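Single-structure report; data block below.
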Amino acid sequence: MYILGLVGFSGRSHDAAACLIKNGKIVSAAEEERFIRRKHAYDSFPHNAAKFCLERESIGLDDIEYVAVGWNFPFQYSLRNVPWEFTNQDLSNMLFPRKYFPRSKTPRIEFIDHHLSHASSAYRCSGYDRSAILVIDGQGEHSSSSIWMGKGNSIKLVKTFPIKDSLGYFYEALTQHCGFHSDDPGKLMGLAPYGLPNYDLSRFFSFEHGDFSANIPDVTLGKGGSLDEQHEVTENWLSNFAQICPRNEPVFSYDQNTGRFRETAVLNRDYENFAASGQQAFEEAVLYLVEMSVKVTGSRNLCMTGGVALNCSANGRILRSGLVDSLFIQPAANDAGCSIGAALELSSQMGVVGSPRLENAYLGPEYSDESIREALKSLGLRYQYIEDIESKTADLITQDKIIGWFQGRMEIGPRALGHRSIIANPKSQKTKDVVNAKVKFRESFRPFAPSIAGDYASEYIIGCKDSPFMLLSYMVDDGKLDYLGAVTHVDGTTRPQTVEKDNKKYYRLLKEVERRIGVPAVLNTSFNRKGEPIVCAPRDAIECFFGSGMDYLVMGNLIVQK
């Protein structure tokens, strides 16, 4: 039985994606942004992602039993007194234009609650038989955070928190207040370790009588005809922040590297301290919700998901807190993961269960050496075929060359995990600065992460044993800083990806690097430039390579030099 999971709609949506489930197991998943080359794919249907999923399995839309949508749109509309006027046929035509999805029947479309989709995406991929599930994001249909109990094949709602208490919107407002764009929370997380938590932002939260709330005005659902309350809540936070520290307004400048105007935040010590204060208050609130989740469910296994679960610093604190025995975070914890969760939840409700623990995120398109060769030839580019490409790439990394590394199936989620990555020497601070300035075209304070052989990780990174999705922060061993200088942040932390032997090509590359420089690791960052999605196809990789300061492009066993 096939079920197709989707997220993405024409109004007020982001991170559109599709996932195909066969007999309860994930067979493919991808984000729409990778195909249309528009980051987050705002207000888009996942047409290309859905088409990929079907073609990968060599089936058509008529072979799909059900379509599961990771938002309950009719309920969301009704809560805000907005008429839901779409029939199943209308939705089918919007989601599956006949030009791209020929069919003889109308697919059956089911809506799954947004936070239930998030919860399912984590619990049903965790391998746990019993677990607390904590969902924290901007908002769902009617809540901003929720606690669920996963037991066996069932997921039950335990507690919800109002939209005004949204930690997702709190962090978004912090990001804007410091001068960044609202969809750049990683910048705030990277800036925070440079400052001191001198501002008391924890006073905006109440932790009383076993509950949690934000001390800002409540919101009215659907005010002004809006289908969500993002603007109202973030404006509440921004007005409160402005009473403590003036808002940092970004300046516009022309970027000669990209040929575009861009916003730039001019930072000083005040905003470093404000970022540190916000991160601290945010982590305290998250830890309280974790503690509450464990208490009300009676389980010390924890699944986390929602956009907030991508905050590596907070996740590291959870891991070190002693509040949980084990922690699983969905690699596509953002809304893209709801395509997975909605499909798995509907499959489970129909009694078809078969998804094991998600061991990797390599669920997207892949390209053979022959198709890569054709892409290079079509552009008149010279290349070499190298049989032992791992050894050759390790030699280049030793020479401080920066490599575009394009292999196998594309990852789902915001972290590049060695299949669509830019890689470099993990030891060299100079290399880090070059990658930031001339490859990624981003701020100098932004940190990088390592990919490191999993069976050696704990020798270099304290307590690191299993971190396949690059979502946890750890302290680097002081005695190993010389080996990981380019991937250690100013506070001594790093957010590693542990690579296991079954990821054969990437693992072998790391071992070849170890033979040359003494550590089985590389600097790993996503294969894209600032403001762009991670590359998907060979032509995307070629364009990014020639539009940035990378030295070599390795795709499959083919290598291109500028």
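Lettering and numbering for the structure tokens are positional, with chains as A, B, ... in the shown order, residues counted from 1 in each chain, and ligands counted from 1 in the shown order.
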(request) Extract, using only C-alpha atoms, all DNA, RNA and protein residues at most 6 Å from segment 314-321 of chain A, discarding same-chain residues fewer than 2 positions from it, and format them as a list in words. (result)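 Counting only the stated atoms, we get Glu283, Asn311, Cys312, Leu323, Leu472 and Ser473 of chain A.
Shell of Lys164 of chain A at 8 Å, with only C-alpha atoms counted and residues fewer than 2 places along the chain excluded, is Ser144, Pro162, Ser166, Ala214, Ile216, Pro217, Asp218, Val219 and Val233 of chain A.
Nearest-residue note for Val286 of chain A: choosing from A:Ser326, A:Ser368, A:Thr398, A:Ser145, the minimum distance belongs to A:Ser145, counting only C-alpha atoms.
Rounded to one decimal, atom CA of Ile163 of chain A and atom CA of Ser143 of chain A lie 4.9 Å from each other.
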(request) Compile the contact shell of segment 114-120 of chain A as a list of chain:residue names: residues with an atom at most 7 Å away, counting only C-alpha atoms, same-chain residues fewer than 4 positions apart removed. (result) A:Gly70, A:Trp71, A:Asn72, A:Arg124, A:Ile133, A:Val135, A:Gly140, A:Glu141, A:Thr305, A:Gly306, A:Gly337, A:Cys338, A:Gly341, A:Ala342, A:Leu344, A:Glu345
For the selection you just gave me, I'd like the residues written to a file as a CSV table (one decimal), in the first residue's frame, keeping N, CA, C and O atoms.
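part.csv, written as the output of this step:
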chain,number,residue,atom,x,y,z
A,70,GLY,N,0.0,17.2,6.0
A,70,GLY,CA,0.4,17.5,7.4
A,70,GLY,C,-0.1,18.8,8.0
A,70,GLY,O,0.6,19.4,8.9
A,71,TRP,N,-1.2,19.2,7.6
A,71,TRP,CA,-1.9,20.4,8.3
A,71,TRP,C,-3.4,20.1,8.2
A,71,TRP,O,-3.9,19.6,7.1
A,72,ASN,N,-4.2,20.3,9.2
A,72,ASN,CA,-5.6,20.2,9.1
A,72,ASN,C,-6.2,21.5,8.7
A,72,ASN,O,-6.7,22.3,9.5
A,124,ARG,N,7.6,7.7,15.3
A,124,ARG,CA,7.5,6.6,14.4
A,124,ARG,C,8.8,6.4,13.7
A,124,ARG,O,9.0,5.4,12.9
A,133,ILE,N,6.9,12.7,23.8
A,133,ILE,CA,7.2,13.4,22.5
A,133,ILE,C,6.9,14.9,22.8
A,133,ILE,O,5.8,15.3,23.3
A,135,VAL,N,6.8,18.6,21.0
A,135,VAL,CA,6.7,19.3,19.7
A,135,VAL,C,6.8,20.8,20.1
A,135,VAL,O,5.9,21.3,20.8
A,140,GLY,N,0.8,25.4,15.4
A,140,GLY,CA,0.0,24.6,14.6
A,140,GLY,C,-1.3,25.2,14.4
A,140,GLY,O,-1.4,26.5,14.3
A,141,GLU,N,-2.4,24.4,14.3
A,141,GLU,CA,-3.7,25.0,14.0
A,141,GLU,C,-4.1,25.8,15.2
A,141,GLU,O,-4.7,26.9,15.0
A,305,THR,N,10.7,17.4,18.1
A,305,THR,CA,10.5,17.8,16.7
A,305,THR,C,9.9,19.2,16.7
A,305,THR,O,9.6,19.7,17.8
A,306,GLY,N,9.7,19.7,15.5
A,306,GLY,CA,9.3,21.1,15.4
A,306,GLY,C,10.5,21.9,15.1
A,306,GLY,O,11.6,21.5,15.4
A,337,GLY,N,9.4,17.8,7.6
A,337,GLY,CA,9.2,16.5,8.3
A,337,GLY,C,7.8,16.0,8.4
A,337,GLY,O,7.5,14.9,8.6
A,338,CYS,N,6.8,17.0,8.4
A,338,CYS,CA,5.4,16.7,8.5
A,338,CYS,C,4.9,15.9,7.4
A,338,CYS,O,3.9,15.2,7.5
A,341,GLY,N,5.7,12.5,8.7
A,341,GLY,CA,4.8,12.2,9.9
A,341,GLY,C,3.3,12.0,9.5
A,341,GLY,O,2.7,11.1,10.0
A,342,ALA,N,2.8,12.8,8.6
A,342,ALA,CA,1.4,12.7,8.2
A,342,ALA,C,1.2,11.3,7.5
A,342,ALA,O,0.2,10.6,7.8
A,344,LEU,N,3.1,8.5,7.8
A,344,LEU,CA,3.3,7.4,8.8
A,344,LEU,C,2.1,7.4,9.7
A,344,LEU,O,1.7,6.2,10.1
A,345,GLU,N,1.5,8.5,10.1
A,345,GLU,CA,0.4,8.5,11.0
A,345,GLU,C,-0.8,7.9,10.4
A,345,GLU,O,-1.5,7.0,11.0
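Minimum atom-to-atom distances from A:Ala361, A:Val435, A:Ile389, A:Leu289 to His419 of chain A were compared using only C-alpha atoms, and the lowest value belongs to A:Ala361.
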(message) So that I can see what lies close to Gly556 of chain A, please list as a list in words the residues with an atom at most 10 Å from it, counting only C-alpha atoms and leaving out residues fewer than 5 positions away in the same chain.
(response)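 Close residues of Gly556 of chain A: Glu366, Tyr367, Ser368, Asp369, Glu370, Ile372, Arg373, Tyr385, Ile386, Glu387, Ile389, Trp405, Phe406, Gln407, Gly408, His419 and Lys505 of chain A.
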(message) I'd like the contact shell of Ala173 of chain A - 7 Å cut-off, only C-alpha atoms, skipping same-chain residues fewer than 4 positions apart - returned as a ChimeraX atom specification.
(response) /A:169,177,234,237-238
